[in-house]
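J.: mmCIF, N, CA and C atoms, saved as start_33.cif, coming up:
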```
data_query
#
loop_
_atom_site.label_atom_id
_atom_site.label_comp_id
_atom_site.auth_asym_id
_atom_site.auth_seq_id
_atom_site.Cartn_x
_atom_site.Cartn_y
_atom_site.Cartn_z
N MET A 1 -8.57 12.61 7.67
CA MET A 1 -7.54 13.56 7.31
C MET A 1 -6.75 12.99 6.14
N ALA A 2 -6.63 13.74 5.10
CA ALA A 2 -5.89 13.31 3.92
C ALA A 2 -4.53 13.97 3.91
N SER A 3 -3.55 13.26 3.40
CA SER A 3 -2.22 13.84 3.26
C SER A 3 -1.63 13.34 1.96
N SER A 4 -0.60 14.01 1.51
CA SER A 4 0.07 13.64 0.27
C SER A 4 1.37 12.95 0.62
N SER A 5 1.74 11.95 -0.16
CA SER A 5 2.96 11.21 0.09
C SER A 5 3.71 11.03 -1.22
N ARG A 6 5.01 11.27 -1.20
CA ARG A 6 5.83 10.95 -2.36
C ARG A 6 5.95 9.44 -2.44
N ARG A 7 6.40 8.96 -3.54
CA ARG A 7 6.54 7.52 -3.77
C ARG A 7 7.22 6.85 -2.59
N ALA A 8 6.52 5.90 -1.98
CA ALA A 8 7.02 5.23 -0.79
C ALA A 8 7.84 4.00 -1.12
N ALA A 9 7.54 3.34 -2.22
CA ALA A 9 8.25 2.13 -2.61
C ALA A 9 8.19 2.02 -4.12
N ILE A 10 9.11 1.29 -4.70
CA ILE A 10 9.17 1.25 -6.16
C ILE A 10 8.21 0.23 -6.76
N SER A 11 7.59 -0.59 -5.96
CA SER A 11 6.87 -1.72 -6.52
C SER A 11 5.57 -1.44 -7.25
N PRO A 12 4.70 -0.52 -6.87
CA PRO A 12 3.46 -0.37 -7.63
C PRO A 12 3.67 0.43 -8.91
N GLN A 13 4.60 0.01 -9.71
CA GLN A 13 5.04 0.76 -10.89
C GLN A 13 3.90 1.05 -11.86
N ASP A 14 3.00 0.11 -12.07
CA ASP A 14 1.94 0.33 -13.05
C ASP A 14 0.92 1.35 -12.56
N SER A 15 0.78 1.52 -11.26
CA SER A 15 -0.20 2.44 -10.71
C SER A 15 0.37 3.82 -10.44
N ARG A 16 1.68 3.90 -10.25
CA ARG A 16 2.29 5.17 -9.87
C ARG A 16 3.57 5.37 -10.65
N ALA A 17 3.70 6.51 -11.24
CA ALA A 17 4.94 6.85 -11.94
C ALA A 17 5.94 7.41 -10.94
N ASP A 18 7.22 7.26 -11.25
CA ASP A 18 8.26 7.84 -10.39
C ASP A 18 8.02 9.32 -10.19
N GLY A 19 8.18 9.79 -8.96
CA GLY A 19 8.03 11.19 -8.67
C GLY A 19 6.59 11.64 -8.52
N GLY A 20 5.64 10.74 -8.73
CA GLY A 20 4.24 11.09 -8.57
C GLY A 20 3.87 11.25 -7.11
N ARG A 21 2.69 11.75 -6.88
CA ARG A 21 2.17 11.90 -5.52
C ARG A 21 0.88 11.10 -5.40
N VAL A 22 0.62 10.68 -4.18
CA VAL A 22 -0.59 9.93 -3.89
C VAL A 22 -1.28 10.62 -2.73
N LEU A 23 -2.57 10.85 -2.87
CA LEU A 23 -3.36 11.39 -1.78
C LEU A 23 -3.79 10.22 -0.92
N VAL A 24 -3.43 10.26 0.36
CA VAL A 24 -3.69 9.17 1.29
C VAL A 24 -4.71 9.63 2.32
N ASP A 25 -5.79 8.87 2.46
CA ASP A 25 -6.79 9.14 3.49
C ASP A 25 -6.36 8.41 4.75
N ARG A 26 -5.77 9.16 5.68
CA ARG A 26 -5.21 8.56 6.89
C ARG A 26 -6.28 8.13 7.88
N SER A 27 -7.53 8.54 7.65
CA SER A 27 -8.62 8.10 8.52
C SER A 27 -9.17 6.74 8.07
N SER A 28 -8.80 6.28 6.89
CA SER A 28 -9.28 5.01 6.34
C SER A 28 -8.17 3.98 6.43
N ARG A 29 -8.14 3.24 7.56
CA ARG A 29 -7.06 2.29 7.80
C ARG A 29 -7.52 0.84 7.83
N ASP A 30 -8.80 0.61 7.59
CA ASP A 30 -9.33 -0.74 7.59
C ASP A 30 -9.34 -1.27 6.16
N PRO A 31 -8.73 -2.44 5.90
CA PRO A 31 -8.66 -2.95 4.53
C PRO A 31 -9.98 -3.58 4.04
N HIS A 32 -11.10 -3.05 4.48
CA HIS A 32 -12.41 -3.46 3.97
C HIS A 32 -13.10 -2.22 3.44
N PRO A 33 -13.39 -2.02 2.22
CA PRO A 33 -13.09 -2.99 1.18
C PRO A 33 -11.60 -3.00 0.85
N GLU A 34 -11.19 -4.05 0.19
CA GLU A 34 -9.78 -4.17 -0.20
C GLU A 34 -9.42 -3.04 -1.14
N GLY A 35 -8.16 -2.68 -1.16
CA GLY A 35 -7.72 -1.60 -2.02
C GLY A 35 -6.22 -1.41 -1.92
N MET A 36 -5.76 -0.22 -2.31
CA MET A 36 -4.34 0.11 -2.26
C MET A 36 -4.11 0.98 -1.04
N PHE A 37 -3.07 0.64 -0.26
CA PHE A 37 -2.82 1.31 1.01
C PHE A 37 -1.36 1.72 1.14
N LEU A 38 -1.14 2.78 1.90
CA LEU A 38 0.20 3.14 2.34
C LEU A 38 0.44 2.35 3.63
N LEU A 39 1.49 1.54 3.63
CA LEU A 39 1.80 0.65 4.74
C LEU A 39 3.15 1.00 5.35
N LEU A 40 3.30 0.66 6.60
CA LEU A 40 4.61 0.69 7.25
C LEU A 40 4.95 -0.76 7.56
N VAL A 41 5.94 -1.31 6.84
CA VAL A 41 6.32 -2.71 6.99
C VAL A 41 7.78 -2.76 7.40
N HIS A 42 8.04 -3.29 8.58
CA HIS A 42 9.40 -3.35 9.11
C HIS A 42 10.08 -1.98 9.07
N GLY A 43 9.32 -0.93 9.39
CA GLY A 43 9.87 0.42 9.46
C GLY A 43 10.00 1.14 8.13
N LYS A 44 9.57 0.51 7.02
CA LYS A 44 9.69 1.14 5.71
C LYS A 44 8.30 1.33 5.12
N ARG A 45 8.09 2.51 4.49
CA ARG A 45 6.81 2.78 3.84
C ARG A 45 6.72 2.07 2.50
N ARG A 46 5.54 1.50 2.23
CA ARG A 46 5.29 0.84 0.95
C ARG A 46 3.85 1.12 0.54
N ILE A 47 3.62 1.13 -0.74
CA ILE A 47 2.25 1.21 -1.25
C ILE A 47 1.96 -0.11 -1.93
N LYS A 48 0.95 -0.81 -1.42
CA LYS A 48 0.59 -2.14 -1.91
C LYS A 48 -0.92 -2.31 -1.91
N ARG A 49 -1.39 -3.20 -2.74
CA ARG A 49 -2.78 -3.65 -2.64
C ARG A 49 -2.83 -4.64 -1.48
N VAL A 50 -3.87 -4.55 -0.67
CA VAL A 50 -4.02 -5.42 0.49
C VAL A 50 -5.27 -6.27 0.30
N GLN A 51 -5.09 -7.58 0.44
CA GLN A 51 -6.20 -8.52 0.33
C GLN A 51 -6.18 -9.42 1.55
N ARG A 52 -7.32 -9.54 2.24
CA ARG A 52 -7.41 -10.49 3.36
C ARG A 52 -7.62 -11.89 2.79
N VAL A 53 -6.92 -12.85 3.38
CA VAL A 53 -7.02 -14.24 2.93
C VAL A 53 -7.32 -15.13 4.14
N ALA A 54 -7.51 -16.40 3.89
CA ALA A 54 -7.86 -17.36 4.94
C ALA A 54 -6.86 -17.32 6.09
N GLY A 55 -7.35 -17.59 7.28
CA GLY A 55 -6.49 -17.63 8.45
C GLY A 55 -6.12 -16.27 8.99
N ASP A 56 -6.90 -15.23 8.65
CA ASP A 56 -6.66 -13.86 9.09
C ASP A 56 -5.33 -13.30 8.61
N ALA A 57 -4.79 -13.86 7.54
CA ALA A 57 -3.55 -13.34 6.96
C ALA A 57 -3.90 -12.27 5.92
N TRP A 58 -2.89 -11.47 5.56
CA TRP A 58 -3.04 -10.46 4.53
C TRP A 58 -2.08 -10.80 3.40
N LEU A 59 -2.53 -10.54 2.19
CA LEU A 59 -1.69 -10.71 1.03
C LEU A 59 -1.38 -9.31 0.49
N LEU A 60 -0.10 -8.97 0.41
CA LEU A 60 0.34 -7.69 -0.13
C LEU A 60 0.69 -7.91 -1.59
N ILE A 61 0.04 -7.13 -2.47
CA ILE A 61 0.16 -7.35 -3.91
C ILE A 61 0.71 -6.09 -4.56
N SER A 62 1.74 -6.27 -5.36
CA SER A 62 2.33 -5.17 -6.11
C SER A 62 1.74 -5.14 -7.51
N ASP A 63 1.59 -3.95 -8.06
CA ASP A 63 1.17 -3.84 -9.46
C ASP A 63 2.34 -4.10 -10.41
N ASN A 64 3.55 -4.09 -9.89
CA ASN A 64 4.74 -4.34 -10.70
C ASN A 64 4.95 -5.86 -10.77
N PRO A 65 4.90 -6.47 -11.95
CA PRO A 65 5.03 -7.92 -12.06
C PRO A 65 6.39 -8.47 -11.64
N ARG A 66 7.37 -7.59 -11.46
CA ARG A 66 8.69 -8.06 -10.99
C ARG A 66 8.68 -8.46 -9.53
N TYR A 67 7.65 -8.07 -8.79
CA TYR A 67 7.58 -8.35 -7.36
C TYR A 67 6.55 -9.42 -7.08
N GLU A 68 6.91 -10.37 -6.25
CA GLU A 68 6.01 -11.45 -5.85
C GLU A 68 5.01 -10.95 -4.81
N LYS A 69 3.89 -11.63 -4.71
CA LYS A 69 2.95 -11.36 -3.64
C LYS A 69 3.61 -11.73 -2.32
N GLU A 70 3.25 -11.02 -1.26
CA GLU A 70 3.86 -11.25 0.04
C GLU A 70 2.75 -11.57 1.06
N LEU A 71 2.86 -12.73 1.70
CA LEU A 71 1.88 -13.16 2.69
C LEU A 71 2.32 -12.69 4.06
N ILE A 72 1.44 -11.96 4.75
CA ILE A 72 1.72 -11.53 6.12
C ILE A 72 0.81 -12.35 7.04
N LYS A 73 1.42 -13.24 7.81
CA LYS A 73 0.68 -14.10 8.73
C LYS A 73 0.28 -13.32 9.98
N PRO A 74 -0.77 -13.76 10.67
CA PRO A 74 -1.22 -13.03 11.86
C PRO A 74 -0.11 -12.78 12.88
N GLN A 75 0.78 -13.72 13.07
CA GLN A 75 1.86 -13.55 14.05
C GLN A 75 2.89 -12.50 13.62
N ASP A 76 2.86 -12.11 12.35
CA ASP A 76 3.79 -11.10 11.84
C ASP A 76 3.15 -9.72 11.71
N MET A 77 1.88 -9.59 12.09
CA MET A 77 1.16 -8.32 11.95
C MET A 77 1.77 -7.21 12.81
N ARG A 78 2.46 -7.56 13.87
CA ARG A 78 3.05 -6.52 14.74
C ARG A 78 4.11 -5.70 14.02
N ASP A 79 4.63 -6.23 12.91
CA ASP A 79 5.65 -5.54 12.13
C ASP A 79 5.06 -4.75 10.97
N MET A 80 3.70 -4.65 10.92
CA MET A 80 3.04 -3.96 9.82
C MET A 80 1.92 -3.08 10.34
N GLU A 81 1.79 -1.90 9.71
CA GLU A 81 0.73 -0.98 10.09
C GLU A 81 0.17 -0.34 8.82
N ILE A 82 -1.16 -0.25 8.75
CA ILE A 82 -1.78 0.47 7.63
C ILE A 82 -1.84 1.94 8.02
N LEU A 83 -1.19 2.79 7.23
CA LEU A 83 -1.16 4.23 7.51
C LEU A 83 -2.33 4.96 6.88
N GLY A 84 -2.91 4.39 5.81
CA GLY A 84 -4.06 5.01 5.16
C GLY A 84 -4.33 4.43 3.80
N ARG A 85 -5.52 4.71 3.29
CA ARG A 85 -5.94 4.24 1.98
C ARG A 85 -5.50 5.24 0.91
N CYS A 86 -4.90 4.73 -0.16
CA CYS A 86 -4.49 5.57 -1.29
C CYS A 86 -5.74 5.87 -2.12
N GLU A 87 -6.05 7.15 -2.26
CA GLU A 87 -7.29 7.54 -2.93
C GLU A 87 -7.08 8.10 -4.33
N ILE A 88 -6.07 8.95 -4.50
CA ILE A 88 -5.87 9.64 -5.78
C ILE A 88 -4.39 9.66 -6.10
N ARG A 89 -4.05 9.37 -7.36
CA ARG A 89 -2.67 9.47 -7.82
C ARG A 89 -2.55 10.73 -8.66
N ILE A 90 -1.51 11.50 -8.40
CA ILE A 90 -1.23 12.73 -9.15
C ILE A 90 0.15 12.55 -9.77
N GLY A 91 0.23 12.62 -11.07
CA GLY A 91 1.51 12.41 -11.73
C GLY A 91 1.76 13.39 -12.85
N ARG A 92 2.90 13.25 -13.46
CA ARG A 92 3.30 14.11 -14.56
C ARG A 92 2.53 13.75 -15.81
N VAL A 93 2.29 14.73 -16.65
CA VAL A 93 1.58 14.51 -17.91
C VAL A 93 2.52 13.86 -18.92
N LEU A 94 3.75 14.27 -18.96
CA LEU A 94 4.72 13.72 -19.92
C LEU A 94 5.69 12.82 -19.24
#
```
Using structure tokens, write down the structure that the file contains.

T.:
Amino acid sequence: MASSSRRAAISPQDSRADGGRVLVDRSSRDPHPEGMFLLLVHGKRRIKRVQRVAGDAWLLISDNPRYEKELIKPQDMRDMEILGRCEIRIGRVL
């Protein structure tokens, strides 16, 4: 099931313009293959690239260089949920 979501977080600036929409495939919640996902982290929606790293941890990566990569350790996974894979960005022409 796909759904549309308004900008969830300001960090993926290079991939999404303000006010743009992203088509999210809510049936695709496994980060294999790695990609960009709509996440629920500590109760807040974010769009981040997700990469699995050693020790079963996840690395959340922003396209905006102002934001650092964020390591989510296995013991902290209970505070994070993948809501779906971001498939298509729809934005303004101008």

J.: Which residues come within 6 Å of A:Arg89, counting all atoms listed in the file, excluding same-chain residues fewer than 4 positions away, as a PDB file with N, CA and C atoms, keeping the file's coordinate frame?

T.:
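The resulting file, around-v4.pdb, is reproduced below:
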```pdb
ATOM      1  N   ARG A  21       2.690  11.750  -6.880  1.00  0.00           N
ATOM      2  CA  ARG A  21       2.170  11.900  -5.520  1.00  0.00           C
ATOM      3  C   ARG A  21       0.880  11.100  -5.400  1.00  0.00           C
ATOM      4  N   VAL A  22       0.620  10.680  -4.180  1.00  0.00           N
ATOM      5  CA  VAL A  22      -0.590   9.930  -3.890  1.00  0.00           C
ATOM      6  C   VAL A  22      -1.280  10.620  -2.730  1.00  0.00           C
ATOM      7  N   LEU A  23      -2.570  10.850  -2.870  1.00  0.00           N
ATOM      8  CA  LEU A  23      -3.360  11.390  -1.780  1.00  0.00           C
ATOM      9  C   LEU A  23      -3.790  10.220  -0.920  1.00  0.00           C
TER      10      LEU A  23
END
```

J.: Running the PyMOL selection byres ((chain A and resi 72) around 5) on this model by hand, what would come out? Give it as a list in words.

T.: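 With the shown file as input, the PyMOL selection byres ((chain A and resi 72) around 5) matches Ala57, Trp58, Leu59, Glu70, Leu71, Lys73 and Pro74 of chain A.
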
J.: How big is the axis-aligned box around all listed atoms of stretch 26-41 of chain A once 6 Å goes on each side, and where's its centre, in Å to one decimal, as AutoDock Vina command-line options?

T.:
```
--center_x -2.8 --center_y 2.5 --center_z 3.1 --size_x 33.2 --size_y 25.3 --size_z 22.8
```

J.: Considering only C-alpha atoms, state which residue in the set A:Asn64, A:Asp56, A:Lys69, A:Ile88 is at the smallest distance from A:Pro31.

T.: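 The answer is A:Asp56, which sits nearest to A:Pro31.
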
J.: Atom CA of A:Pro33 to atom N of A:Arg92: how many Å, to one decimal?

T.: 27.1 Å

J.: Between atom CA of A:Gly43 and atom CA of A:Glu87, measure the distance and give it in Å to one decimal.

T.: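 Between these atoms lies a distance of 22.3 Å.
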
J.: What would the list of residues within 10 Å of (1.1, -10.3, -5.2) (file frame) look like as a list in words, if only C-alpha atoms are what count?

T.: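 Residues found, by chain and rising number: Lys48, Arg49, Val50, Gln51, Leu59, Leu60, Ile61, Ser62, Asp63, Asn64, Pro65, Arg66, Tyr67, Glu68, Lys69, Glu70 and Leu71 of chain A.
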
J.: By how many Å are atom N of A:Leu40 and atom N of A:Met80 apart?

T.: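 According to the coordinates, atom N of A:Leu40 and atom N of A:Met80 are separated by 6.9 Å.
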
J.: For A:Val41, which residue out of A:Glu81, A:Gly91, A:Cys86, A:Val24 is the nearest one, using all atoms listed in the file?

T.: A:Glu81

J.: Which polymer residues have any atom within 7 Å of an atom of A:Arg85, counting only N, CA and C atoms, with same-chain residues fewer than 4 positions away left out, as a PyMOL selection string?

T.: chain A and resi 23-30+35-38

J.: Would you save the residues from that selection as a PDB file, in the frame of the given file, using N, CA and C atoms?

T.:
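Result file is result13.pdb:
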```
ATOM      1  N   LEU A  23      -2.570  10.850  -2.870  1.00  0.00           N
ATOM      2  CA  LEU A  23      -3.360  11.390  -1.780  1.00  0.00           C
ATOM      3  C   LEU A  23      -3.790  10.220  -0.920  1.00  0.00           C
ATOM      4  N   VAL A  24      -3.430  10.260   0.360  1.00  0.00           N
ATOM      5  CA  VAL A  24      -3.690   9.170   1.290  1.00  0.00           C
ATOM      6  C   VAL A  24      -4.710   9.630   2.320  1.00  0.00           C
ATOM      7  N   ASP A  25      -5.790   8.870   2.460  1.00  0.00           N
ATOM      8  CA  ASP A  25      -6.790   9.140   3.490  1.00  0.00           C
ATOM      9  C   ASP A  25      -6.360   8.410   4.750  1.00  0.00           C
ATOM     10  N   ARG A  26      -5.770   9.160   5.680  1.00  0.00           N
ATOM     11  CA  ARG A  26      -5.210   8.560   6.890  1.00  0.00           C
ATOM     12  C   ARG A  26      -6.280   8.130   7.880  1.00  0.00           C
ATOM     13  N   SER A  27      -7.530   8.540   7.650  1.00  0.00           N
ATOM     14  CA  SER A  27      -8.620   8.100   8.520  1.00  0.00           C
ATOM     15  C   SER A  27      -9.170   6.740   8.070  1.00  0.00           C
ATOM     16  N   SER A  28      -8.800   6.280   6.890  1.00  0.00           N
ATOM     17  CA  SER A  28      -9.280   5.010   6.340  1.00  0.00           C
ATOM     18  C   SER A  28      -8.170   3.980   6.430  1.00  0.00           C
ATOM     19  N   ARG A  29      -8.140   3.240   7.560  1.00  0.00           N
ATOM     20  CA  ARG A  29      -7.060   2.290   7.800  1.00  0.00           C
ATOM     21  C   ARG A  29      -7.520   0.840   7.830  1.00  0.00           C
ATOM     22  N   ASP A  30      -8.800   0.610   7.590  1.00  0.00           N
ATOM     23  CA  ASP A  30      -9.330  -0.740   7.590  1.00  0.00           C
ATOM     24  C   ASP A  30      -9.340  -1.270   6.160  1.00  0.00           C
ATOM     25  N   GLY A  35      -8.160  -2.680  -1.160  1.00  0.00           N
ATOM     26  CA  GLY A  35      -7.720  -1.600  -2.020  1.00  0.00           C
ATOM     27  C   GLY A  35      -6.220  -1.410  -1.920  1.00  0.00           C
ATOM     28  N   MET A  36      -5.760  -0.220  -2.310  1.00  0.00           N
ATOM     29  CA  MET A  36      -4.340   0.110  -2.260  1.00  0.00           C
ATOM     30  C   MET A  36      -4.110   0.980  -1.040  1.00  0.00           C
ATOM     31  N   PHE A  37      -3.070   0.640  -0.260  1.00  0.00           N
ATOM     32  CA  PHE A  37      -2.820   1.310   1.010  1.00  0.00           C
ATOM     33  C   PHE A  37      -1.360   1.720   1.140  1.00  0.00           C
ATOM     34  N   LEU A  38      -1.140   2.780   1.900  1.00  0.00           N
ATOM     35  CA  LEU A  38       0.200   3.140   2.340  1.00  0.00           C
ATOM     36  C   LEU A  38       0.440   2.350   3.630  1.00  0.00           C
TER      37      LEU A  38
END
```
